[in-house]
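Below: query-v5.txt (compact mmCIF, C-alpha atoms)
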# COMPACT_ATOMS: atom_id res chain seq x y z
CA MET A 1 48.55 -13.59 -33.42
CA SER A 2 50.08 -16.93 -34.20
CA VAL A 3 53.17 -16.01 -32.23
CA MET A 4 51.32 -15.60 -28.98
CA THR A 5 50.96 -18.86 -27.20
CA THR A 6 47.53 -19.43 -25.76
CA THR A 7 47.22 -21.90 -22.93
CA GLN A 8 44.31 -23.37 -21.13
CA HIS A 9 43.86 -21.97 -17.66
CA ALA A 10 41.33 -23.13 -15.14
CA ALA A 11 40.63 -19.71 -13.59
CA TYR A 12 39.63 -17.98 -16.81
CA ASP A 13 37.08 -18.89 -19.37
CA THR A 14 37.63 -16.69 -22.44
CA LYS A 15 34.01 -17.12 -23.43
CA VAL A 16 32.99 -15.51 -20.15
CA GLU A 17 35.80 -13.11 -19.29
CA GLY A 18 36.57 -11.81 -22.78
CA ASN A 19 39.69 -12.11 -24.93
CA ILE A 20 42.53 -12.99 -22.62
CA VAL A 21 45.61 -14.64 -23.96
CA PHE A 22 48.42 -16.08 -21.94
CA THR A 23 51.97 -15.56 -23.10
CA GLN A 24 55.45 -14.68 -21.93
CA VAL A 25 56.59 -11.09 -21.41
CA ASP A 26 59.45 -11.53 -23.87
CA THR A 27 57.13 -12.91 -26.51
CA ALA A 28 54.62 -10.12 -26.04
CA ILE A 29 57.22 -7.34 -26.14
CA ASN A 30 58.96 -8.85 -29.15
CA TRP A 31 55.67 -9.28 -30.96
CA MET A 32 54.90 -5.59 -30.46
CA ARG A 33 58.39 -4.48 -31.40
CA LYS A 34 58.78 -6.53 -34.54
CA ASN A 35 55.50 -5.37 -36.02
CA SER A 36 56.19 -1.68 -35.58
CA VAL A 37 59.79 -1.25 -36.62
CA TRP A 38 60.04 2.41 -37.53
CA PRO A 39 62.90 2.93 -39.95
CA MET A 40 65.35 5.79 -40.06
CA PRO A 41 65.98 5.92 -43.83
CA MET A 42 69.68 6.74 -44.09
CA GLY A 43 69.49 7.23 -47.84
CA LEU A 44 72.93 8.02 -49.22
CA ALA A 45 72.82 6.82 -52.83
CA CYS A 46 70.76 4.87 -55.37
CA CYS A 47 69.72 2.26 -52.77
CA ALA A 48 67.53 4.97 -51.28
CA ILE A 49 65.48 4.99 -54.49
CA GLU A 50 64.77 1.27 -54.12
CA LEU A 51 63.98 1.88 -50.45
CA MET A 52 61.38 4.42 -51.57
CA GLY A 53 60.11 1.84 -54.04
CA SER A 54 59.65 -0.69 -51.27
CA ALA A 55 57.71 1.89 -49.27
CA SER A 56 55.27 2.75 -52.05
CA SER A 57 52.10 0.93 -53.02
CA ARG A 58 53.37 -1.93 -55.21
CA TYR A 59 55.64 -3.41 -52.54
CA ASP A 60 54.10 -1.65 -49.53
CA ILE A 61 56.43 -2.04 -46.58
CA SER A 62 53.52 -1.13 -44.31
CA ARG A 63 52.36 -4.75 -44.60
CA PHE A 64 55.20 -5.44 -42.19
CA GLY A 65 54.58 -2.47 -39.94
CA ALA A 66 57.64 -0.54 -41.06
CA GLU A 67 56.01 2.21 -43.11
CA VAL A 68 56.57 4.98 -40.56
CA MET A 69 59.78 6.45 -41.97
CA ARG A 70 61.12 8.73 -39.27
CA PHE A 71 63.49 11.46 -40.28
CA SER A 72 64.23 12.09 -36.64
CA PRO A 73 66.55 9.44 -35.20
CA ARG A 74 64.91 9.84 -31.79
CA GLN A 75 61.70 8.28 -33.10
CA ALA A 76 63.28 5.47 -35.08
CA ASP A 77 63.94 1.81 -34.30
CA VAL A 78 65.95 0.60 -37.27
CA MET A 79 68.48 2.50 -39.30
CA ILE A 80 68.44 1.39 -42.92
CA VAL A 81 71.80 2.49 -44.30
CA ALA A 82 70.94 2.68 -47.98
CA GLY A 83 73.87 3.70 -50.11
CA THR A 84 77.54 4.57 -50.29
CA VAL A 85 78.98 5.73 -46.98
CA THR A 86 81.80 8.12 -47.78
CA TYR A 87 84.34 8.98 -45.11
CA LYS A 88 83.00 12.51 -45.24
CA MET A 89 79.54 11.24 -44.25
CA ALA A 90 80.66 8.39 -41.98
CA LEU A 91 80.77 10.23 -38.66
CA ALA A 92 77.45 11.92 -39.42
CA VAL A 93 75.87 8.46 -39.85
CA LYS A 94 77.46 7.38 -36.55
CA ARG A 95 76.15 10.50 -34.85
CA ILE A 96 72.60 9.84 -36.05
CA TRP A 97 72.91 6.21 -34.91
CA ASP A 98 74.03 7.39 -31.47
CA GLN A 99 70.93 9.59 -31.24
CA MET A 100 68.57 6.65 -31.78
CA PRO A 101 67.10 5.30 -28.53
CA GLU A 102 67.49 1.66 -27.51
CA PRO A 103 66.36 -0.84 -28.58
CA LYS A 104 67.69 -0.21 -32.06
CA TRP A 105 68.71 -2.24 -35.06
CA CYS A 106 70.63 -1.61 -38.24
CA ILE A 107 70.12 -2.90 -41.75
CA ALA A 108 72.99 -2.44 -44.21
CA MET A 109 71.19 -2.19 -47.52
CA GLY A 110 73.18 -2.98 -50.64
CA ALA A 111 76.79 -3.69 -51.51
CA CYS A 112 78.18 -0.26 -50.58
CA ALA A 113 76.75 -0.07 -47.08
CA SER A 114 77.73 -3.70 -46.45
CA SER A 115 81.30 -3.66 -47.73
CA GLY A 116 82.11 -0.51 -49.68
CA GLY A 117 80.82 -2.25 -52.80
CA MET A 118 82.61 -1.36 -55.99
CA TYR A 119 84.27 1.63 -54.32
CA ARG A 120 87.66 0.28 -53.27
CA SER A 121 88.64 3.86 -52.82
CA TYR A 122 90.30 6.45 -50.63
CA ALA A 123 86.96 8.18 -50.18
CA VAL A 124 84.57 5.38 -49.17
CA LEU A 125 84.14 3.60 -45.83
CA GLN A 126 84.52 -0.14 -46.48
CA GLY A 127 81.25 -1.16 -44.85
CA ILE A 128 79.14 0.64 -42.26
CA ASP A 129 79.87 -2.22 -39.82
CA ASN A 130 83.21 -0.51 -39.25
CA LEU A 131 81.30 2.07 -37.24
CA ILE A 132 77.97 0.67 -36.09
CA PRO A 133 76.75 -2.89 -35.41
CA VAL A 134 74.74 -4.30 -38.33
CA ASP A 135 71.94 -6.81 -37.78
CA VAL A 136 71.01 -7.65 -41.36
CA TYR A 137 72.97 -7.25 -44.59
CA ILE A 138 71.02 -7.06 -47.84
CA SER A 139 72.94 -7.95 -50.98
CA GLY A 140 72.33 -6.26 -54.31
CA CYS A 141 73.43 -3.19 -56.18
CA PRO A 142 70.89 -1.85 -55.47
CA PRO A 143 68.71 -4.59 -53.94
CA ARG A 144 65.21 -5.03 -55.32
CA PRO A 145 62.36 -3.98 -53.01
CA GLU A 146 61.59 -7.68 -52.49
CA ALA A 147 65.07 -8.03 -51.01
CA VAL A 148 64.45 -5.10 -48.69
CA LEU A 149 61.26 -6.77 -47.48
CA GLU A 150 63.12 -10.06 -47.06
CA GLY A 151 65.75 -8.23 -45.01
CA LEU A 152 63.05 -6.68 -42.87
CA MET A 153 61.46 -10.09 -42.29
CA ARG A 154 64.86 -11.50 -41.30
CA LEU A 155 65.17 -8.66 -38.81
CA GLN A 156 61.71 -9.47 -37.47
CA LYS A 157 62.80 -13.08 -36.93
CA LYS A 158 65.82 -11.78 -35.08
CA ILE A 159 63.75 -9.48 -32.87
CA GLU A 160 61.44 -12.42 -32.13
CA ALA A 161 64.32 -14.34 -30.56
CA GLU A 162 65.54 -11.53 -28.30
CA LYS A 163 65.42 -11.69 -24.50
CA SER A 164 63.76 -8.28 -24.29
CA ALA A 165 62.48 -8.42 -20.71
CA THR A 166 64.41 -11.27 -19.15
CA SER A 167 67.72 -9.65 -20.07
CA GLN A 168 66.78 -6.79 -17.74
CA PHE A 169 66.92 -9.07 -14.69
CA LYS A 170 70.11 -10.44 -13.23
CA LYS A 171 70.17 -13.94 -11.88
CA SER A 172 70.87 -13.79 -8.18
CA MET B 1 89.91 33.41 -89.60
CA SER B 2 89.78 30.74 -86.95
CA SER B 3 90.30 31.56 -83.30
CA ALA B 4 93.54 29.57 -83.28
CA ASN B 5 94.94 31.62 -86.19
CA THR B 6 93.97 34.88 -84.52
CA LEU B 7 95.72 33.78 -81.37
CA ALA B 8 98.79 32.69 -83.34
CA SER B 9 99.08 36.09 -85.02
CA GLN B 10 98.42 37.93 -81.78
CA PHE B 11 100.70 36.02 -79.43
CA GLY B 12 103.28 34.53 -81.78
CA SER B 13 105.86 32.46 -79.96
CA ALA B 14 103.76 32.25 -76.77
CA ILE B 15 101.74 29.60 -78.59
CA ILE B 16 104.02 26.60 -78.53
CA GLU B 17 102.00 24.08 -80.46
CA GLN B 18 98.66 23.67 -82.14
CA ILE B 19 97.03 20.25 -82.31
CA ASP B 20 94.03 19.66 -84.54
CA PHE B 21 92.16 16.42 -84.06
CA ARG B 22 88.70 15.77 -85.50
CA ASP B 23 87.76 19.44 -85.55
CA GLU B 24 88.99 19.93 -82.00
CA THR B 25 91.71 22.49 -81.55
CA THR B 26 94.17 22.32 -78.70
CA LEU B 27 96.73 25.05 -78.13
CA ILE B 28 99.72 24.40 -75.93
CA VAL B 29 100.83 27.79 -74.69
CA ASP B 30 103.52 29.36 -72.58
CA GLN B 31 102.77 29.52 -68.85
CA GLU B 32 103.77 33.20 -68.61
CA SER B 33 101.30 34.28 -71.27
CA ALA B 34 98.50 31.85 -70.42
CA LYS B 35 96.42 34.31 -68.44
CA GLU B 36 96.68 36.97 -71.17
CA ILE B 37 95.75 34.45 -73.84
CA LEU B 38 92.73 33.34 -71.83
CA ARG B 39 91.72 36.97 -71.30
CA PHE B 40 92.03 37.58 -75.05
CA CYS B 41 89.90 34.49 -75.71
CA ARG B 42 87.14 35.80 -73.51
CA ASP B 43 87.20 39.48 -74.54
CA GLU B 44 88.12 39.41 -78.22
CA LEU B 45 87.25 35.89 -79.38
CA LYS B 46 83.97 35.72 -77.40
CA PHE B 47 84.68 32.50 -75.56
CA ASP B 48 82.11 33.41 -72.94
CA TYR B 49 81.79 29.97 -71.37
CA LEU B 50 84.50 28.13 -69.44
CA VAL B 51 83.41 24.48 -69.69
CA ASP B 52 86.04 22.97 -67.42
CA ILE B 53 89.41 23.31 -65.83
CA SER B 54 91.35 20.14 -65.30
CA SER B 55 94.89 19.21 -64.42
CA LEU B 56 97.24 16.38 -65.28
CA ASP B 57 99.95 14.85 -63.16
CA ASN B 58 102.89 13.77 -65.33
CA LEU B 59 104.77 12.25 -62.42
CA GLY B 60 108.45 11.74 -63.14
CA THR B 61 108.64 14.34 -65.88
CA GLU B 62 109.44 18.01 -65.51
CA PRO B 63 107.39 20.18 -65.37
CA ARG B 64 105.06 17.94 -63.44
CA TRP B 65 101.65 19.56 -63.85
CA GLU B 66 99.63 20.36 -66.92
CA MET B 67 96.65 22.71 -66.71
CA VAL B 68 93.82 22.31 -69.21
CA TYR B 69 91.16 24.95 -69.94
CA GLU B 70 88.16 24.04 -72.05
CA LEU B 71 86.51 27.07 -73.64
CA CYS B 72 83.28 27.40 -75.57
CA GLN B 73 81.45 30.12 -77.48
CA LEU B 74 77.83 30.08 -76.42
CA GLY B 75 76.68 33.66 -76.97
CA ASN B 76 77.23 33.94 -80.72
CA GLY B 77 75.74 30.54 -81.50
CA THR B 78 78.81 29.02 -83.17
CA ASN B 79 79.42 26.58 -80.33
CA GLU B 80 83.13 26.61 -81.13
CA HIS B 81 85.37 24.84 -78.65
CA LEU B 82 88.99 25.58 -77.83
CA ARG B 83 91.28 23.76 -75.45
CA ILE B 84 94.23 25.59 -73.96
CA LYS B 85 96.97 23.74 -72.11
CA TYR B 86 100.09 24.84 -70.37
CA ALA B 87 102.76 23.10 -68.31
CA LEU B 88 103.35 24.05 -64.69
CA GLY B 89 106.31 23.24 -62.47
CA GLU B 90 105.86 21.21 -59.30
CA ASN B 91 106.30 24.11 -56.87
CA GLU B 92 104.72 26.79 -59.04
CA LYS B 93 101.29 28.34 -58.60
CA ALA B 94 98.79 28.79 -61.40
CA ASP B 95 97.10 32.10 -62.15
CA SER B 96 93.46 32.11 -61.12
CA VAL B 97 90.96 32.93 -63.88
CA CYS B 98 88.11 33.64 -61.45
CA ASP B 99 88.13 37.26 -62.58
CA LEU B 100 87.50 36.14 -66.18
CA TRP B 101 84.88 33.44 -65.63
CA ALA B 102 83.09 33.25 -62.29
CA THR B 103 82.63 29.50 -62.72
CA ALA B 104 86.39 29.05 -62.41
CA ASN B 105 85.99 29.48 -58.67
CA TRP B 106 84.73 25.94 -58.03
CA HIS B 107 86.78 24.37 -60.84
CA GLU B 108 89.97 25.74 -59.33
CA ARG B 109 88.94 24.63 -55.86
CA GLU B 110 88.48 21.12 -57.23
CA VAL B 111 91.92 21.19 -58.87
CA TYR B 112 93.39 22.40 -55.59
CA ASP B 113 91.52 19.74 -53.60
CA MET B 114 92.38 16.79 -55.81
CA MET B 115 95.83 17.73 -57.16
CA GLY B 116 97.17 20.27 -54.70
CA ILE B 117 97.88 22.95 -57.30
CA GLU B 118 97.47 26.38 -55.75
CA PHE B 119 96.08 29.41 -57.54
CA THR B 120 97.19 33.00 -57.06
CA GLY B 121 94.35 35.50 -56.99
CA HIS B 122 91.65 32.98 -56.06
CA PRO B 123 89.17 34.61 -53.64
CA ASP B 124 88.39 31.50 -51.59
CA LEU B 125 90.80 28.64 -52.16
CA ARG B 126 89.41 25.91 -49.90
CA ARG B 127 88.87 22.20 -50.45
CA ILE B 128 85.57 21.47 -52.16
CA LEU B 129 85.13 17.67 -52.05
CA MET B 130 87.30 16.47 -49.19
CA TRP B 131 87.07 18.11 -45.78
CA GLU B 132 89.30 20.88 -44.46
CA GLY B 133 92.24 19.18 -42.79
CA PHE B 134 92.40 16.12 -45.07
CA PRO B 135 96.17 15.86 -45.42
CA PHE B 136 96.53 14.42 -48.94
CA PHE B 137 95.80 15.25 -52.57
CA PRO B 138 94.16 12.05 -53.77
CA LEU B 139 94.36 12.39 -57.56
CA ARG B 140 98.13 12.73 -57.59
CA LYS B 141 99.84 9.78 -59.23
CA ASP B 142 101.93 9.10 -56.11
CA PHE B 143 98.80 8.75 -53.96
CA PRO B 144 97.79 5.07 -53.69
CA LEU B 145 94.33 4.19 -55.02
CA ALA B 146 93.59 2.38 -51.76
CA GLY B 147 94.02 5.61 -49.85
CA ARG B 148 95.99 6.38 -46.72
CA GLU B 149 95.12 6.52 -43.05
CA SER B 150 94.22 9.93 -41.69
CA GLU B 151 92.35 11.21 -38.68
CA MET B 152 90.57 14.48 -38.01
CA PRO B 153 88.87 14.10 -34.61
CA ASP B 154 85.09 14.71 -34.80
CA VAL B 155 85.31 15.52 -38.52
CA ALA B 156 86.34 12.47 -40.50
CA PHE B 157 88.87 9.70 -40.78
CA THR B 158 90.13 7.61 -43.66
CA ASP B 159 91.54 4.11 -43.91
CA ARG B 160 93.13 1.89 -46.49
CA ALA B 161 90.79 -0.04 -48.79
CA PRO B 162 91.57 -3.71 -49.52
CA LEU B 163 92.54 -4.02 -53.18
CA GLU B 164 93.20 -7.76 -53.68
CA GLY B 165 96.37 -7.55 -55.76
CA GLY B 166 95.61 -4.10 -57.19
CA PRO B 167 95.64 -1.24 -57.59
CA PHE B 168 94.49 -1.32 -61.17
CA VAL B 169 95.64 2.14 -62.15
CA THR B 170 97.49 3.62 -65.09
CA SER B 171 100.90 5.23 -64.87
CA PRO B 172 102.25 7.90 -67.19
CA THR B 173 104.60 6.11 -69.57
CA SER B 174 105.21 5.95 -73.28
CA ALA B 175 105.54 2.15 -73.06
CA SER B 176 102.79 -0.21 -74.15
CA THR B 177 99.43 -0.70 -72.47
CA VAL B 178 100.77 -3.85 -70.76
CA HIS B 179 103.25 -1.70 -68.88
CA ARG B 180 100.88 1.17 -68.37
CA GLU B 181 97.99 -0.87 -66.98
CA PRO B 182 99.23 -4.17 -65.52
CA ARG B 183 96.73 -6.63 -64.05
CA SER B 184 98.20 -5.89 -60.66
CA ARG B 185 100.93 -3.71 -59.30
CA ASP B 186 102.51 -3.62 -55.88
CA MET B 187 102.56 -0.22 -54.26
CA LYS B 188 104.63 0.50 -51.21
Before anything else, please render the file you have as structure tokens.
Amino acid sequence: MSVMTTTQHAAYDTKVEGNIVFTQVDTAINWMRKNSVWPMPMGLACCAIELMGSASSRYDISRFGAEVMRFSPRQADVMIVAGTVTYKMALAVKRIWDQMPEPKWCIAMGACASSGGMYRSYAVLQGIDNLIPVDVYISGCPPRPEAVLEGLMRLQKKIEAEKSATSQFKKS
Amino acid sequence: MSSANTLASQFGSAIIEQIDFRDETTLIVDQESAKEILRFCRDELKFDYLVDISSLDNLGTEPRWEMVYELCQLGNGTNEHLRIKYALGENEKADSVCDLWATANWHEREVYDMMGIEFTGHPDLRRILMWEGFPFFPLRKDFPLAGRESEMPDVAFTDRAPLEGGPFVTSPTSASTVHREPRSRDMK
């Protein structure tokens, strides 16, 4: 709740009227979005194992509201590309990304998804950012679950700063 | 009598060379007789398990290809291994051994996919790792490690990978390791 900015207002007394908080639409929307980021786990290699580790009890990604792994792109908010994206898989990843509704974000997890990693090869896409826009890159091969959580928190900071509602209105 | 000796007495001059190294026997055989030798290995010598088929690209030498068959006896408990090699010209096709060992189906598809060697008598010779329509054979020595550009609309595309002074690959040569595996090599 610390994000929401409460202000004193003469017309309302929270002790009388109940729990009313004043804030901005952007702040409210972003607060809701960033605390329920449903991931689409695009597990393609060993990074997916660490992603599973970050979802289970020791690291518990649900502390950050991102435990609802959706295997349908239509219900997901963030695509976590976890693993080596081969050229054979690349357009399938793009297709799933295209099926995700806006607003959507992308986390490139690990060296392979970020840059092709150790696979300087004819068979491997040299970074998923060649096909889809990436919001957060997580280094590591594979990254530890702590790094995944750090990446998720960075994404939350990014969502916090978005002009979610005001960007919908044009200045006349 | 070892399997290699039996084969030598049975096929005579079709067996070009026998190499023994640390209890591993490799027979280099004639391409014409290779299928018959492999059939004999399965039926008479009880090599009931085909471990692997692989191929070598000796670019710049003739014949260019070399086929390698790794056989094993599982059923009689001896676990004896036998490697059979034969040379294959650049534009020649290899005989499929799918009718001898069913597992050869996927092995031969992999050889076809990676090296571009075709097999006569294969029931379903398609690519197995790369997609249908990929225009290159990536394990050939004249294929750059970085890859080449290709485009199959709605299926897949490929691009060149940055190699930073590479590629760090070996070339077939009898010269020293320094020549065979330089720190960097320019490829056109």
(request) For chain B, work out the contacting residues on chain A at 9 Å, counting all atoms listed in the file, and write them as a list of chain:residue names. (result)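 Here is what falls inside 9 Å: A:Tyr87, A:Lys88, A:Met89, A:Ala90, A:Leu91, A:Ala92, A:Gly116, A:Tyr119, A:Arg120, A:Ser121, A:Tyr122, A:Ala123, A:Val124, A:Leu125, A:Gln126.
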(request) Choose the residue, out of B:Arg39, B:Arg109, B:His122, B:His81, that has the smallest atom-to-atom separation from Ile53 in chain B; count only C-alpha atoms. (result)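 Among the listed residues, B:Arg109 lies closest to Ile53 in chain B.
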(request) Using CA of Val37 in chain A and CA of Cys141 in chain A as the two end points, give the distance in Å to one decimal. (result)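 CA of Cys141 in chain A lies at a distance of 23.9 Å from CA of Val37 in chain A.
Taking all atoms listed in the file, the non-local environment of Phe136 in chain B within 9 Å (same-chain residues fewer than 6 positions away omitted) comprises Asp113, Met114, Met115, Gly116, Phe143, Arg148 and Ser150 of chain B.
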(message) What's the separation between CA of Tyr86 in chain B and CA of Val51 in chain B, in Å to one decimal place?
(response)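 Atom-to-atom, CA of Tyr86 in chain B to CA of Val51 in chain B, that is 16.7 Å.
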(request) Please write as a PyMOL selection string the list of polymer residues whose atoms come within 12 Å of (62.7, 5.6, -37.6), counting only C-alpha atoms and keeping to the coordinates of the file. (result) chain A and resi 36-42+65-81+96-97+99-106
(request) Compare B:Leu56, B:Ala8, B:Leu50, B:Met152 by their minimum atom-to-atom distance to Thr103 in chain B, counting only C-alpha atoms, and give me the closest one. (result) B:Leu50
(message) Give me the residues near range 152-154 of chain A as a PyMOL selection string, where near means some atom within 8 Å (using only C-alpha atoms) and where sequence neighbours in that chain fewer than 3 positions away do not count.
(response) chain A and resi 64+136+148-149+157-158
(message) Between CA of Thr26 in chain B and CA of Ala175 in chain B, what is the distance in Å, rounded to a tenth?
(response)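 CA of Ala175 in chain B lies 23.8 Å from CA of Thr26 in chain B.
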(request) Please identify all polymer residues within 8 Å of range 26-32 of chain A, counting all atoms listed in the file, omitting same-chain residues fewer than 2 positions from it, and present them as a list in words. (result)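 The contact residues come out as Val3, Met4, Thr23, Gln24, Lys34, Asn35, Ser36, Ile159, Glu160, Ala161, Glu162, Lys163, Ser164, Ala165 and Thr166 of chain A.
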Residues just named, written with C-alpha atoms as a PDB file, in the frame of the given file:
ATOM      1  CA  VAL A   3      53.170 -16.010 -32.230  1.00  0.00           C
ATOM      2  CA  MET A   4      51.320 -15.600 -28.980  1.00  0.00           C
ATOM      3  CA  THR A  23      51.970 -15.560 -23.100  1.00  0.00           C
ATOM      4  CA  GLN A  24      55.450 -14.680 -21.930  1.00  0.00           C
ATOM      5  CA  LYS A  34      58.780  -6.530 -34.540  1.00  0.00           C
ATOM      6  CA  ASN A  35      55.500  -5.370 -36.020  1.00  0.00           C
ATOM      7  CA  SER A  36      56.190  -1.680 -35.580  1.00  0.00           C
ATOM      8  CA  ILE A 159      63.750  -9.480 -32.870  1.00  0.00           C
ATOM      9  CA  GLU A 160      61.440 -12.420 -32.130  1.00  0.00           C
ATOM     10  CA  ALA A 161      64.320 -14.340 -30.560  1.00  0.00           C
ATOM     11  CA  GLU A 162      65.540 -11.530 -28.300  1.00  0.00           C
ATOM     12  CA  LYS A 163      65.420 -11.690 -24.500  1.00  0.00           C
ATOM     13  CA  SER A 164      63.760  -8.280 -24.290  1.00  0.00           C
ATOM     14  CA  ALA A 165      62.480  -8.420 -20.710  1.00  0.00           C
ATOM     15  CA  THR A 166      64.410 -11.270 -19.150  1.00  0.00           C
TER      16      THR A 166
END
(message) When you count only C-alpha atoms, which of these residues is closest to Ser54 in chain B: B:Leu71, B:Ile15, B:Leu100, B:Cys41?
(response)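 Looking only at the distances to Ser54 in chain B, the closest residue turns out to be B:Leu71.
The residue that comes closest to Leu155 in chain A, out of A:Ala108, A:Glu50, A:Met118, A:Ile132 and on the basis of all atoms listed in the file, is A:Ala108.
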(request) Pick out the closest residue to Ser96 in chain B from this set: B:Arg64, B:Lys141, B:Arg126, B:Lys35. Count all atoms listed in the file. (result)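 Closest residue, counting all atoms listed in the file: B:Lys35.
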